[in-house]
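To start, the structure under review is shown below, and the notes come after it.
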Amino acid sequence: MTTIELADVSRWYGNVVAVNDVTMTIGPGVTGLLGPNGAGKSTIIHMISGFLEPSRGKLTIGGVPSWDNPDIYRTLGLVPERDSVYAFVTGADFVRATARLQQLTDVDGAARRAIDMVEMAEAADRRISTYSKGMRQRIKVAAALVHDPEVLLLDEPFNGMDPRQRLHMMDLLDKLGAEGRTILFSSHILEEVERLSGTIQVIVAGRLAASGDFRAIRRLMTSRPHVFTVRSSDDRLLGATLIGRAAVSGVEVTAKGLQVRASDYGAFCREIAALARDHDVRLLELLPADESLESVFAYLVAS
Amino acid sequence: MSRVFNRTVASITLRAALGRRRALLLAVPPAILVLVTLALRASHPAAPWPGRILGDFGFTVVLPLTALVIGSSVLGAEIDDGSIVHLLATPVRRSAVIVTKFVIGTAATMLFVAVPELIAGIIATSGDRLQGGQLVTTVGGQIVQVGGNRNLALGLFVGALVGAVFYNALFIMISVVTTRALAVGLLYVLIWEGLLGNFVGGARELSIGQYSLGVANSIAHDPALNATLSLTTALVMGSIVTVAALAVASRRLSLFSLRGDAV
């Protein structure tokens with residue numbers, strides 16, 4: 001049972017603050033590090049994995065600092081985001097080399113076990129240069145698991161994987177988490193995190209925006225007001241009708257059409273077509289104006 | 001496994017930095033050196049060119065540039081493409097990584113430079129013999145006096161061996177310190193050693209090329225080598241550079257950092 005602790009951790013590059021005063025504790029099980037691109041997720045993963053020194057604050061794994069401490073890799077496995085593996089060796093050679101670097105006694109046994117875990121046995125004797133991106137990702141996971149680490153860090157592990165590979169990887173991480181390992185993975189895709197982890201840490205603009213049970217945070221995300229742009233044959237009539245509905249909290253008439261703030265996303269989507277038909281208004285365009293993940297996170301920060 | 005030399009790191013390094021295509025490329029300059037020597041031996045057997053060609057061309061062009069290509073790639077290539085993370089995310093001592101890369105780079109440089117220098121030196125002095133205290137050779141049935149020294153081949157070989165050690169330590173350190181190792185190394189070789197070394201006496205004291213020539217000349221005793229440093233100075237200065245460069249490289253590798261998100 002190994003815990004990752006970040007206490008008031010910041011990291012800056014010159015005048016740019018990448019991670020700002022983050023405090024979090026990550027215990028056994030699967031934890032998702034969620035945030036838009038450029039939010040600071042990779043910076044946090046790099047700091048935890050000992051590949052970046054925090055500018056301020058304290059960061060430990062099992063009570064031991066990870067920076068400038070190669071011995072930490074006896075208990076830590078890292079799957080970096082960058083798709084850079086030794087392309088000239090076979091998958092099996094790569095995992096075996098990692099096992100040797102980990103100074104394991106049963107190199108072949110450990111490598112075979114790790115390769116089997118990621119279901120790469122069939123392709124293990126092929127050169128990595130012939131692998132798809134998803135296969136490279138899995139062989140990297142095998143190398144990170146070869147010494148049976150208590151802590152596994154994965155930076156955007158599902159990038160480049162097809163749906164079947166994603167499901168398999170999710171099952172694998174679920175299994176590893178259930179065994180009592182501390183698994184932390186980063187992602188900017190909400191659905192990946194939703195499927196995998198009960199616990200999430202949401203990072204927005206370098207700050208910890210939310211932390212805890214995924215379902216509670218997801219409820220907060222889905223219950224926020226959604227903004228839609230609506231164009232119709234009679235914007236003013238449609239606007240007057242919409243403002244009378246409980247699902248709508250505000251309507252603004254603009255040159256580009258109506259800006260509608262829906263307080264209940266589902267009810268608004270169900271009602272607008274029927275309302276337009278009842279009032280003989282033709283809907284020309286209905287666009288969600290703020291569906292980007294950034295806007296979801298921005299809402300989280302504001303709340 | 002030794003605490004300072006790691007066989008797994010060595011195996012990865014050999015395959016990553018010295019693959020078949022790169023090895024063929026590295027074999028070109030020494031092949032030119034040997035071919036030029038063969039041609040000159042046939043056309044000018046009595047001229048005092050061996051020291052100049054094998055010393056100047058061999059020690060100021062082939063040796064430093066080959067060492068630069070090898071020394072900057074044994075570690076620099078992995079740093080550039082990010083694959084070094086897989087090596088560093090293990091408990092292997094960073095000093096062991098540096099020493100292993102240094103040993104592989106040095107051995108490869110010795111193979112691609114010192115051995116061809118020896119071969120070229122043997123070709124250049126083949127048929128030479130001592131007669132009445134003078135080094136002579138036979139050209140068209142006539143005995144003519146030649147320049148150079150009987151120990152030239154051995155001197156060039158040993159000088160190149162020692163130069164391979166010094167240069168690799170320096171270039172491996174540069175590859176950890178900067179991502180532009182090839183450019184910085186070229187500046188050092190061309191500007192510092194090539195240009196300033198010819199005009200500024202002090203620059204020669206801090207020139208690995210001169211350390212290598214100093215060692216070569218201590219055996220060959222050939223004025224054409226243009227060596228300016230004594231054996232002691234060359235060895236002491238070269239050893240200081242090597243130890244300091246490897247220590248700095250080990251420390252810098254311990255502090256190797258990954259940049260995070262685009263901020």
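Letters A, B, ... mark the chains of the structure tokens in the order given; residue numbers begin at 1 per chain; ligand numbers begin at 1, in order shown.
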
Test item: residues at most 10 Å from Ala89 (chain B), only C-alpha atoms, excluding those fewer than 5 positions along its chain, as number ranges by chain:
A: 49-51, 70-74, 76-80, 98, 101-102, 144; B: 84

Sorted by chain and rising residue number, list the residues of chain A at most 10 Å from chain B (counting only C-alpha atoms), each with its closest atom pair and distance in Å to one decimal, as CSV.
residue,atom,partner,partner_atom,distance
A:Arg11,CA,B:Gly260,CA,9.7
A:Trp12,CA,B:Val263,CA,9.7
A:Tyr13,CA,B:Val263,CA,8.9
A:Val16,CA,B:Val263,CA,7.2
A:Val17,CA,B:Val263,CA,7.9
A:Ala18,CA,B:Val263,CA,6.3
A:Val19,CA,B:Gly260,CA,9.7
A:Asn37,CA,B:Asp261,CA,7.4
A:Gly38,CA,B:Asp261,CA,4.8
A:Ala39,CA,B:Asp261,CA,6.9
A:Gly40,CA,B:Asp261,CA,5.6
A:Lys41,CA,B:Asp261,CA,7.0
A:Ser42,CA,B:Gly260,CA,5.0
A:Thr43,CA,B:Gly260,CA,4.0
A:Ile44,CA,B:Gly260,CA,7.8
A:Ile45,CA,B:Gly260,CA,8.4
A:His46,CA,B:Leu258,CA,6.6
A:Met47,CA,B:Leu258,CA,8.8
A:Ser49,CA,B:Ala89,CA,8.1
A:Gly50,CA,B:Ser257,CA,8.2
A:Phe51,CA,B:Ser257,CA,4.8
A:Leu52,CA,B:Ser257,CA,4.9
A:Glu53,CA,B:Ser257,CA,7.6
A:Trp67,CA,B:Leu255,CA,8.2
A:Asp68,CA,B:Ser254,CA,6.1
A:Asn69,CA,B:Ser254,CA,8.4
A:Pro70,CA,B:Pro91,CA,4.7
A:Asp71,CA,B:Pro91,CA,4.9
A:Ile72,CA,B:Pro91,CA,7.2
A:Tyr73,CA,B:Thr90,CA,5.1
A:Arg74,CA,B:Pro91,CA,6.4
A:Thr75,CA,B:Thr90,CA,9.8
A:Leu76,CA,B:Ala89,CA,8.3
A:Gly77,CA,B:Ala89,CA,7.4
A:Leu78,CA,B:Ala89,CA,6.8
A:Val79,CA,B:His86,CA,8.6
A:Pro80,CA,B:Val85,CA,7.8
A:Arg82,CA,B:Gly82,CA,7.1
A:Asp83,CA,B:Gly82,CA,8.3
A:Ser84,CA,B:Ser83,CA,5.0
A:Val85,CA,B:Ser83,CA,5.3
A:Tyr86,CA,B:Ser83,CA,6.6
A:Ala87,CA,B:Ala16,CA,9.0
A:Phe88,CA,B:Ala16,CA,7.5
A:Val89,CA,B:Arg15,CA,8.5
A:Phe94,CA,B:Ile12,CA,9.3
A:Arg96,CA,B:Thr8,CA,9.6
A:Ala97,CA,B:Thr8,CA,6.3
A:Thr98,CA,B:Leu87,CA,7.6
A:Ala99,CA,B:Thr90,CA,9.2
A:Arg100,CA,B:Thr8,CA,6.9
A:Leu101,CA,B:Thr90,CA,6.2
A:Gln102,CA,B:Thr90,CA,5.8
A:Gln103,CA,B:Pro91,CA,8.4
A:Lys140,CA,B:His86,CA,8.7
A:Ala143,CA,B:His86,CA,8.5
A:Ala144,CA,B:His86,CA,8.6
A:His147,CA,B:Thr90,CA,9.8
A:Ala205,CA,B:Val263,CA,8.8
A:Gly206,CA,B:Val263,CA,9.2

Among the residues of region 25-81 of chain B, find those DSSP assigns to alpha helix (DSSP H) from the backbone and print them as JSON, numbers by chain.
{"B": [25, 26, 28, 29, 30, 31, 32, 33, 34, 35, 36, 37, 38, 39, 40, 41, 42, 43, 50, 51, 52, 63, 64, 65, 66, 67, 68, 69, 70, 71, 72, 73, 76, 77, 78, 79, 80, 81]}

Got a sec: who's within 10 Å of Phe171 (chain B), counting only C-alpha atoms, leaving out chain neighbours fewer than 4 positions off, as a PyMOL selection string?
chain B and resi 64+67-76+102+105+166-167+175-177+181-182+184-185+188+245-246+249

Could you work out how far CA of Ala121 (chain A) lies from CA of Gly180 (chain A), giving the answer in Å with one decimal?
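One can read the CA of Gly180 (chain A) to CA of Ala121 (chain A) distance as 25.3 Å.
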
Can you tell me which residues surround region 156-165 of chain B at a distance of at most 6 Å, considering only C-alpha atoms, apart from same-chain residues fewer than 6 positions away, and format the answer as a PyMOL selection string?
chain B and resi 106+109-110+114+117-118+212+215-216

Please produce a file of those selected residues containing N, CA, C and O atoms, as a PDB file, in the first residue's frame.
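Heads up, here's the output in again_11.pdb:
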ATOM      1  N   THR B 106      34.082   5.201 -26.708  1.00  0.00           N
ATOM      2  CA  THR B 106      35.549   5.200 -26.828  1.00  0.00           C
ATOM      3  C   THR B 106      36.027   3.996 -27.648  1.00  0.00           C
ATOM      4  O   THR B 106      36.866   4.135 -28.547  1.00  0.00           O
ATOM      5  N   THR B 109      35.265   4.560 -31.273  1.00  0.00           N
ATOM      6  CA  THR B 109      36.172   5.555 -31.862  1.00  0.00           C
ATOM      7  C   THR B 109      37.551   4.941 -32.100  1.00  0.00           C
ATOM      8  O   THR B 109      38.192   5.193 -33.125  1.00  0.00           O
ATOM      9  N   MET B 110      37.984   4.133 -31.150  1.00  0.00           N
ATOM     10  CA  MET B 110      39.278   3.452 -31.330  1.00  0.00           C
ATOM     11  C   MET B 110      39.242   2.572 -32.572  1.00  0.00           C
ATOM     12  O   MET B 110      40.180   2.543 -33.366  1.00  0.00           O
ATOM     13  N   ALA B 114      41.684   4.747 -34.425  1.00  0.00           N
ATOM     14  CA  ALA B 114      43.020   4.314 -34.018  1.00  0.00           C
ATOM     15  C   ALA B 114      43.515   3.157 -34.898  1.00  0.00           C
ATOM     16  O   ALA B 114      44.679   3.154 -35.329  1.00  0.00           O
ATOM     17  N   GLU B 117      44.453   4.463 -38.270  1.00  0.00           N
ATOM     18  CA  GLU B 117      45.709   5.230 -38.151  1.00  0.00           C
ATOM     19  C   GLU B 117      46.902   4.279 -38.113  1.00  0.00           C
ATOM     20  O   GLU B 117      47.935   4.534 -38.725  1.00  0.00           O
ATOM     21  N   LEU B 118      46.750   3.182 -37.398  1.00  0.00           N
ATOM     22  CA  LEU B 118      47.828   2.195 -37.320  1.00  0.00           C
ATOM     23  C   LEU B 118      48.097   1.597 -38.708  1.00  0.00           C
ATOM     24  O   LEU B 118      49.255   1.501 -39.147  1.00  0.00           O
ATOM     25  N   SER B 212      46.376  14.569 -27.840  1.00  0.00           N
ATOM     26  CA  SER B 212      46.548  13.337 -28.617  1.00  0.00           C
ATOM     27  C   SER B 212      47.870  13.377 -29.392  1.00  0.00           C
ATOM     28  O   SER B 212      48.619  12.389 -29.426  1.00  0.00           O
ATOM     29  N   VAL B 215      50.879  12.830 -27.114  1.00  0.00           N
ATOM     30  CA  VAL B 215      51.112  11.417 -26.807  1.00  0.00           C
ATOM     31  C   VAL B 215      51.725  10.712 -28.022  1.00  0.00           C
ATOM     32  O   VAL B 215      52.700   9.961 -27.902  1.00  0.00           O
ATOM     33  N   ALA B 216      51.174  10.994 -29.204  1.00  0.00           N
ATOM     34  CA  ALA B 216      51.694  10.363 -30.428  1.00  0.00           C
ATOM     35  C   ALA B 216      53.154  10.727 -30.640  1.00  0.00           C
ATOM     36  O   ALA B 216      53.991   9.868 -30.953  1.00  0.00           O
TER      37      ALA B 216
END

Nearest to Ala169 (chain B): which of B:Ala247, B:Leu33, B:Ala17, B:Leu65 is it, counting only C-alpha atoms?
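Using only C-alpha atoms, the shortest distance to Ala169 (chain B) belongs to B:Ala247.
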
Residues within 7 Å of Leu229 (chain B), only C-alpha atoms, excluding chain neighbours under 4 positions, as number ranges by chain:
B: 210-211, 214, 233-234

Taking the DSSP secondary structure from the backbone, can you list the residues of region 32-262 of chain B that are strand (DSSP E or B), as an MDAnalysis selection string?
chainID B and resid 129:131 134:139 142:145

Selection above as a file: all heavy atoms, as a short mmCIF file (atom, residue, chain, number, x, y, z; two decimals), in the first residue's frame:
data_model
loop_
_atom_site.label_atom_id
_atom_site.label_comp_id
_atom_site.auth_asym_id
_atom_site.auth_seq_id
_atom_site.Cartn_x
_atom_site.Cartn_y
_atom_site.Cartn_z
N ARG B 129 63.77 1.65 -43.80
CA ARG B 129 64.71 0.95 -42.92
C ARG B 129 65.82 1.91 -42.50
O ARG B 129 66.06 2.92 -43.20
CB ARG B 129 65.30 -0.28 -43.61
CG ARG B 129 66.06 0.03 -44.89
CD ARG B 129 66.41 -1.24 -45.64
NE ARG B 129 67.22 -0.95 -46.80
CZ ARG B 129 66.74 -0.52 -47.95
NH1 ARG B 129 65.45 -0.32 -48.12
NH2 ARG B 129 67.55 -0.27 -48.96
N LEU B 130 66.44 1.59 -41.43
CA LEU B 130 67.54 2.43 -40.93
C LEU B 130 68.83 2.03 -41.64
O LEU B 130 69.16 0.85 -41.73
CB LEU B 130 67.70 2.26 -39.42
CG LEU B 130 66.84 3.16 -38.52
CD1 LEU B 130 67.02 2.75 -37.07
CD2 LEU B 130 67.18 4.63 -38.71
N GLN B 131 69.54 3.04 -42.15
CA GLN B 131 70.84 2.77 -42.78
C GLN B 131 71.77 3.93 -42.43
O GLN B 131 71.49 5.07 -42.80
CB GLN B 131 70.70 2.66 -44.30
CG GLN B 131 71.92 2.09 -44.97
CD GLN B 131 71.63 1.77 -46.45
OE1 GLN B 131 71.30 2.65 -47.22
NE2 GLN B 131 71.76 0.53 -46.82
N GLN B 134 70.20 6.87 -40.76
CA GLN B 134 69.16 7.58 -41.50
C GLN B 134 68.05 6.60 -41.89
O GLN B 134 68.31 5.42 -42.15
CB GLN B 134 69.75 8.20 -42.79
CG GLN B 134 70.81 9.26 -42.58
CD GLN B 134 70.23 10.52 -41.96
OE1 GLN B 134 69.10 10.88 -42.24
NE2 GLN B 134 70.99 11.17 -41.11
N LEU B 135 66.84 7.10 -41.95
CA LEU B 135 65.71 6.27 -42.40
C LEU B 135 65.67 6.36 -43.93
O LEU B 135 65.56 7.45 -44.49
CB LEU B 135 64.41 6.80 -41.79
CG LEU B 135 63.22 5.85 -41.82
CD1 LEU B 135 63.51 4.56 -41.05
CD2 LEU B 135 61.99 6.53 -41.25
N VAL B 136 65.76 5.22 -44.58
CA VAL B 136 65.81 5.21 -46.05
C VAL B 136 64.79 4.22 -46.59
O VAL B 136 64.29 3.34 -45.89
CB VAL B 136 67.21 4.84 -46.57
CG1 VAL B 136 68.25 5.85 -46.13
CG2 VAL B 136 67.60 3.43 -46.11
N THR B 137 64.52 4.40 -47.92
CA THR B 137 63.68 3.42 -48.61
C THR B 137 64.23 3.26 -50.02
O THR B 137 65.07 4.04 -50.48
CB THR B 137 62.20 3.86 -48.64
OG1 THR B 137 61.41 2.77 -49.08
CG2 THR B 137 61.98 5.05 -49.57
N THR B 138 63.76 2.25 -50.72
CA THR B 138 64.25 2.00 -52.07
C THR B 138 63.20 2.44 -53.08
O THR B 138 62.06 1.99 -53.01
CB THR B 138 64.56 0.50 -52.25
OG1 THR B 138 65.44 0.10 -51.19
CG2 THR B 138 65.23 0.23 -53.59
N VAL B 139 63.60 3.37 -53.98
CA VAL B 139 62.68 3.83 -55.03
C VAL B 139 63.35 3.60 -56.37
O VAL B 139 64.41 4.18 -56.65
CB VAL B 139 62.36 5.34 -54.86
CG1 VAL B 139 61.40 5.80 -55.95
CG2 VAL B 139 61.81 5.62 -53.48
N GLN B 142 66.96 2.72 -56.38
CA GLN B 142 67.85 3.64 -55.69
C GLN B 142 67.42 3.81 -54.23
O GLN B 142 66.22 3.82 -53.92
CB GLN B 142 67.82 5.01 -56.36
CG GLN B 142 68.48 5.01 -57.74
CD GLN B 142 68.68 6.41 -58.25
OE1 GLN B 142 67.85 7.27 -57.99
NE2 GLN B 142 69.78 6.64 -58.95
N ILE B 143 68.44 3.96 -53.41
CA ILE B 143 68.15 4.15 -51.98
C ILE B 143 68.03 5.64 -51.72
O ILE B 143 68.96 6.40 -52.05
CB ILE B 143 69.26 3.52 -51.10
CG1 ILE B 143 69.23 2.00 -51.27
CG2 ILE B 143 69.07 3.89 -49.65
CD1 ILE B 143 70.38 1.28 -50.62
N VAL B 144 66.86 6.08 -51.19
CA VAL B 144 66.67 7.51 -50.90
C VAL B 144 66.28 7.67 -49.43
O VAL B 144 65.65 6.79 -48.83
CB VAL B 144 65.59 8.15 -51.79
CG1 VAL B 144 66.03 8.20 -53.24
CG2 VAL B 144 64.27 7.41 -51.65
N GLN B 145 66.69 8.83 -48.90
CA GLN B 145 66.37 9.13 -47.51
C GLN B 145 64.90 9.57 -47.42
O GLN B 145 64.40 10.28 -48.30
CB GLN B 145 67.27 10.26 -47.01
CG GLN B 145 67.15 10.48 -45.51
CD GLN B 145 68.05 11.61 -45.04
OE1 GLN B 145 69.10 11.88 -45.65
NE2 GLN B 145 67.65 12.25 -43.98
#

What's the 7 Å shell around region 157-173 of chain A, counting only C-alpha atoms, without same-chain residues fewer than 6 positions away, as a PyMOL selection string?
chain A and resi 81+133-134+137+196

Need the shell around Ser263 (chain A): protein/DNA/RNA residues with any atom at most 6 Å away, counting only C-alpha atoms. Skip same-chain ones fewer than 6 positions apart. Format as a ChimeraX atom specification?
/A:225,247-249

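Using only C-alpha atoms for every distance, the candidate list A:Ile183, A:Ala274, A:Val253, A:Ala240 yields A:Ile183 as the residue closest to Leu154 (chain A).
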